[in-house]
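See structure below.
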Amino acid sequence: MQLRSTFMGVLASFFWAPWSLGAAAEAQTSGGSKADGGLQKMDFGKTPEGMPVELYVLKNGRMTVKVMTYGATITELHVPDRRGTPGDVVLGFDNLEGYLGNNPYFGATIGRVANRIAGGKFTLEGKGYALALNQGPNSLHGGRKGFDKVLWKAEEISGPDGPAVKLTYLSRDGEEGYPGHLSASVTFTVKDDDELRIDDTATTDKATPVNLTNHSYFNLAGPASGTILDHELMLAADTYTPVDDTLIPTGEIASVRETPLDFTTPTRIGARIDQLKGDPGGYDHNFVLRGGEESPALAARLYDPKSGRVMEVFTTEPGVQFYSGNFLDGTLKGRGGVVYRKHQGLCLEAQHFPDSVHHANFPSIILRPSMTYTQTTIYRFSTR
Ligand code: GLA
């Protein structure tokens, strides 16, 4: 094992100590100096099966992103606030044990199919498939052991855009009830203009539904700062997909106008959240984006007045699930012992629509052997 000098070559190896083990070394290298860049790999513990988990630290300009091979998960994401002070803006745990325990998908890659499939059943090419029901009557986020709970293989592929790591996973035919061997990859690239780019691909040897996303919980003021209710959000969506009591779309594509879901102009998240019915209450909706498809289009702009941080989301996907951390209930202790309460973080999951397998009017999520699935989502940070 060796540190491969990547983006900034010699400069990077000057700033970064080569191999270092465990969390102590990790703590030493977090933050870092300004104009450096590079990639560092660390041990991040072992799965219950004894398999080693790796943590990659990608650093470019003022941004540092940590990604681990368990669940192809973003564990930390540091960007400066308006004073230039870097800080972590995602929820997560101190160590692997946290992620292995009761973990609401913090930072993880979700697959084979993100969000819900009604009744955990679907029919494809005349054959019925039954998935595990892991949330009430439905299958959620790929099932009991989705892509967030498997070990991915990492490869450093840094190039002119910046330090990058490509994670690959082969999901076997029948895994979690899905048909076909699916070969998936997720590439994380940290660019020098405070941008994290995530490129996903997948191919299959049998027709199968595929809908990948990243499930990071953001709090631009920092995960210890309280709720995200004072963040302002803009969504490039005029319509959304209404859901039933179990969060399954009815199939309708409805206008956001004159509803608490109208984020076409920047609006404080807490302003109308109490108008949303349901238990636990809050935003957990798929918004239909205005467009993109080929090149990533602006989907969302999030602003935190306290820190001045702005996050823009660009994606090739047709939808974004805006989830306001409603199921966080104060029972989880995250990084640094911080208790995560309701609405302490929010997700903007770029993806195809929930339960697409049951709605012919939604963009299809069926991948066939002749096709390659791709999706690109960019999180771009700045300050105001
Ligand atoms: C998604 C879903 C939510 C919830 C979270 C994970 O955002 O839409 O309902 O399941 O994931 O807790």
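Ordered as shown in the structure tokens, chains take letters A, B, and onward, while each chain numbers its residues from 1 and ligands are numbered from 1 in the order shown.
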From a DSSP calculation on the backbone, collect every residue of stretch 88-286 of chain A in alpha helix (DSSP H) and output the set as a list of chain:residue names. A:Leu96, A:Glu97, A:Gly98, A:Tyr99, A:Leu100
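Restricting the atom set to only C-alpha atoms and all ligand atoms, one finds that the residues within 9 Å of ligand 1 amount to A:Asn103, A:Pro104, A:Tyr105, A:Phe106, A:Ala114, A:Asn115, A:Arg116, A:Gln135, A:Leu140, A:His141, A:His215, A:Leu247, A:Tyr283, A:Asp284, A:His285, A:Asn286, A:Gln321, A:Phe322, A:Tyr323, A:Ser324, A:Gly325, A:Asn326, A:Phe327, A:Leu328, A:Leu346, A:Cys347, A:Leu348, A:Glu349, A:Pro354.
Counting only C-alpha atoms and comparing A:Arg272, A:His352, A:His359, A:Lys121, the residue that lies closest to A:Gly251 is A:His359.
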Taking the DSSP secondary structure from the backbone, can you list the residues of stretch 29-276 of chain A that are strand (DSSP E), as a PyMOL selection string? chain A and resi 37-46+52-60+63-68+73-80+86-88+108-110+116-117+121-124+127-130+139-140+153-156+164-171+182-191+195-204+208-209+213-215+232-235+237-240+254-255+267-268
Distance table requested - stretch 250-289 of chain A against stretch 225-243 of chain A, cut-off 10 Å, only C-alpha atoms: one row per qualifying residue with the closest atom pair and its distance in Å to one decimal, ordered by chain and rising residue number, as JSON lines.
```
{"residue": "A:Thr250", "atom": "CA", "partner": "A:Val243", "partner_atom": "CA", "distance": 5.3}
{"residue": "A:Gly251", "atom": "CA", "partner": "A:Thr241", "partner_atom": "CA", "distance": 6.8}
{"residue": "A:Glu252", "atom": "CA", "partner": "A:Thr241", "partner_atom": "CA", "distance": 6.0}
{"residue": "A:Ile253", "atom": "CA", "partner": "A:Thr241", "partner_atom": "CA", "distance": 5.0}
{"residue": "A:Ala254", "atom": "CA", "partner": "A:Thr239", "partner_atom": "CA", "distance": 5.2}
{"residue": "A:Ser255", "atom": "CA", "partner": "A:Thr239", "partner_atom": "CA", "distance": 4.3}
{"residue": "A:Val256", "atom": "CA", "partner": "A:Thr239", "partner_atom": "CA", "distance": 5.2}
{"residue": "A:Arg257", "atom": "CA", "partner": "A:Asp238", "partner_atom": "CA", "distance": 7.3}
{"residue": "A:Leu261", "atom": "CA", "partner": "A:Tyr240", "partner_atom": "CA", "distance": 8.2}
{"residue": "A:Asp262", "atom": "CA", "partner": "A:Asp238", "partner_atom": "CA", "distance": 7.4}
{"residue": "A:Phe263", "atom": "CA", "partner": "A:Met234", "partner_atom": "CA", "distance": 5.0}
{"residue": "A:Thr264", "atom": "CA", "partner": "A:Leu235", "partner_atom": "CA", "distance": 5.5}
{"residue": "A:Thr265", "atom": "CA", "partner": "A:Met234", "partner_atom": "CA", "distance": 5.6}
{"residue": "A:Pro266", "atom": "CA", "partner": "A:Met234", "partner_atom": "CA", "distance": 4.4}
{"residue": "A:Thr267", "atom": "CA", "partner": "A:Glu232", "partner_atom": "CA", "distance": 5.0}
{"residue": "A:Arg268", "atom": "CA", "partner": "A:Glu232", "partner_atom": "CA", "distance": 4.2}
{"residue": "A:Ile269", "atom": "CA", "partner": "A:Leu229", "partner_atom": "CA", "distance": 4.9}
{"residue": "A:Gly270", "atom": "CA", "partner": "A:Leu229", "partner_atom": "CA", "distance": 4.3}
{"residue": "A:Ala271", "atom": "CA", "partner": "A:Leu229", "partner_atom": "CA", "distance": 7.8}
{"residue": "A:Arg272", "atom": "CA", "partner": "A:Leu229", "partner_atom": "CA", "distance": 9.9}
{"residue": "A:Ile273", "atom": "CA", "partner": "A:Leu229", "partner_atom": "CA", "distance": 8.5}
{"residue": "A:Asp284", "atom": "CA", "partner": "A:Val243", "partner_atom": "CA", "distance": 9.5}
{"residue": "A:His285", "atom": "CA", "partner": "A:Thr241", "partner_atom": "CA", "distance": 7.1}
{"residue": "A:Asn286", "atom": "CA", "partner": "A:Tyr240", "partner_atom": "CA", "distance": 5.8}
{"residue": "A:Phe287", "atom": "CA", "partner": "A:Tyr240", "partner_atom": "CA", "distance": 4.3}
{"residue": "A:Val288", "atom": "CA", "partner": "A:Tyr240", "partner_atom": "CA", "distance": 5.1}
{"residue": "A:Leu289", "atom": "CA", "partner": "A:Ala237", "partner_atom": "CA", "distance": 4.6}
```
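Atom CA of A:Tyr373 lies 20.2 Å from atom CA of A:Gly143.
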With only C-alpha atoms as the atoms that count, which of A:Leu131, A:Ala202, A:Ala350, A:Ala224 lies nearest to A:Gly336? A:Ala224
I'd like the neighbourhood of stretch 152-154 of chain A as a ChimeraX atom specification, where a residue qualifies if any of its atoms comes within 6 Å (using only C-alpha atoms), though same-chain residues fewer than 4 positions away should be ignored. /A:69,166-169
Test item: residues at most 12 Å from A:Ser183, only C-alpha atoms, excluding those fewer than 4 positions along its chain, as an MDAnalysis selection string: chainID A and resid 111:112 147 152:153 167:173 200:206 208 210 367 369 372:374
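Of the listed residues (A:Gly345, A:Gly291, A:Pro80, A:Pro280), A:Gly291 comes nearest to A:Thr316; the distances count only C-alpha atoms.
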